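Participant: Encoded as structure tokens, here's the structure I'll be asking about.
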Amino acid sequence: MSAPPVTAVAWAAADPYAAALRAGRGPLFLRRADGWLLPLEVERWCARADAVDRGVLDRCEGTVLDVGCGPGRLVAELAARGRPVLGIDVSAAAVDHTVRTGGQALRRSVFEPLPGEGRWDTVLLMDGNIGIGGNPRALLDRVAGLLRPGGLLIAETAPVDVDERAQVRVVGRTDARGTGDAFPWARLGTPALLRYARGWTRAGQWTADGRRFAALRTRSSRTASSSAEPPKRTAVISSQRAGNTSAGRPVADR
């Protein structure tokens, strides 16, 4: 499966995005053709994982693929826990930042060939990345192909009930028209995500500090709990780092 090339090219070429990541701050927005602006939380993305992030990461299972990892706060946090994790992002600045903070990352679109296809235990679509490509059903189908049977998707949804597709540009100032080509993006609330999730099993939804999340599982013939609840006791942290995973683990497959 391949994504429309303009999606990756336009986002990666958006100079305001790269500049904001290098500076660690905004302002930065997604701008629709009608002038409507969606603020992007650059400062939070460039900081360390916060309590809400850590609560999400507590629910992750096994090997983790962070799709649209941005500057890599989640990848770095999981790596620090000794978890096998890989981030992917179409932005070179985002990948560079992730690597500098101690994580592994590849400059890659989710719709391109990826390491460990069909073997990931958990896929993350945080910070609104359920909108990647502007076609939620196509993205969900792609993620299902990345996960093992019974694998877990954790997605952060919009804090309001919305189902919207639009062409957007990245802009750094409220009066700017943006650089590069427009690219397709989507905004989904949890109800909309669940409507698109045909063939998935619901594994939970929750709100924390105004942010909303949903967990879904791919169908599996194996009998297993569908819950994505965090562990009830302190997990034993593996001493195996992401850079030294066994040959059967997808993180090591470049």
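We name chains A, B, ... following the order of the structure tokens; residues begin at 1 in each chain, and ligands are numbered from 1 as shown.
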So that I can see what lies close to Ala214 of chain A, please list as JSON, numbers by chain the residues with an atom at most 8 Å from it, counting only C-alpha atoms and leaving out residues fewer than 6 positions away in the same chain.
Facilitator: {"A": [154, 155, 156, 157, 190, 203, 204, 205, 206]}
Participant: Include C-alpha atoms and write out the residues we just selected as a compact mmCIF listing (two decimals), in the first residue's frame.
Facilitator:
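Done, and the output landed in result_30.txt:
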# COMPACT_ATOMS: atom_id res chain seq x y z
CA ILE A 154 -3.68 3.23 21.02
CA ALA A 155 -4.91 6.41 19.33
CA GLU A 156 -5.31 9.91 20.71
CA THR A 157 -8.51 11.44 19.38
CA THR A 190 -13.55 8.93 19.61
CA ALA A 203 -10.23 -2.40 24.08
CA GLY A 204 -11.04 0.75 26.03
CA GLN A 205 -11.38 4.52 25.94
CA TRP A 206 -10.44 7.14 28.50
Participant: Find, counting only C-alpha atoms, the residue in A:Gly151, A:Gly133, A:Gly102, A:Gly35 that gets nearest to Glu117 of chain A.
Facilitator: A:Gly151
Participant: Within 7 Å of Leu74 of chain A, counting only C-alpha atoms, which residues show up once you throw out same-chain ones fewer than 3 positions away? Write them as a PyMOL selection string, please.
Facilitator: chain A and resi 49+77-78
Participant: Could you pull out the strand (DSSP E or B) residues of segment 134-191 of chain A from DSSP and send them as a list in words?
Facilitator: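 Checking each residue of segment 134-191 of chain A, the strand (DSSP E or B) ones are Leu147, Arg148, Pro149, Gly150, Gly151, Leu152, Leu153, Ile154, Ala155, Glu156, Thr157, Asp163, Glu164, Arg165, Ala166, Gln167, Val168, Arg169, Val170, Val171, Phe183, Pro184, Trp185, Ala186, Arg187 and Leu188 of chain A.
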Participant: Quick one: residues within 8 Å of Gly70 of chain A, only C-alpha atoms counted, chain neighbours fewer than 3 positions away excluded, as a list of chain:residue names?
Facilitator: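 Selected residues are A:Trp45, A:Arg73, A:Asp89, A:Ser91, A:Ala94, A:Val95, A:Thr98.
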Participant: Can those selected residues be exported to a file as a short mmCIF file (atom, residue, chain, number, x, y, z; two decimals), in the first residue's frame so that it contains N, CA, C and O atoms?
Facilitator:
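Final file, result28.cif:
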data_model
loop_
_atom_site.label_atom_id
_atom_site.label_comp_id
_atom_site.auth_asym_id
_atom_site.auth_seq_id
_atom_site.Cartn_x
_atom_site.Cartn_y
_atom_site.Cartn_z
N TRP A 45 5.31 18.56 22.79
CA TRP A 45 5.92 17.50 22.01
C TRP A 45 7.43 17.43 22.23
O TRP A 45 8.02 16.34 22.21
N ARG A 73 9.43 12.17 22.17
CA ARG A 73 9.36 12.07 23.63
C ARG A 73 8.89 10.69 24.07
O ARG A 73 9.36 10.15 25.08
N ASP A 89 8.76 8.90 11.21
CA ASP A 89 8.24 10.23 10.92
C ASP A 89 8.77 10.63 9.55
O ASP A 89 9.88 10.24 9.17
N SER A 91 9.46 13.68 8.78
CA SER A 91 10.28 14.87 8.97
C SER A 91 11.68 14.49 9.41
O SER A 91 11.87 13.82 10.44
N ALA A 94 12.37 15.82 12.88
CA ALA A 94 11.77 15.02 13.94
C ALA A 94 12.61 13.78 14.22
O ALA A 94 12.85 13.43 15.38
N VAL A 95 13.04 13.10 13.18
CA VAL A 95 13.86 11.90 13.35
C VAL A 95 15.17 12.24 14.03
O VAL A 95 15.61 11.55 14.96
N THR A 98 14.58 12.83 17.70
CA THR A 98 14.32 11.57 18.40
C THR A 98 15.61 10.82 18.70
O THR A 98 15.82 10.32 19.81
#
Participant: Pull the alpha helix (DSSP H) assignments for segment 1-224 of chain A out of DSSP run on the backbone, and list those residues as a ChimeraX atom specification.
Facilitator: /A:5-12,15-23,42-46,51-58,73-80,92-100,136-146,190-196
Participant: Which residue out of A:Glu164, A:Glu41, A:Asp127, A:Asp181 has the minimum interatomic distance to Asp53 of chain A when only C-alpha atoms are used?
Facilitator: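 When distances to Asp53 of chain A are compared using only C-alpha atoms, the smallest one comes from A:Asp127.
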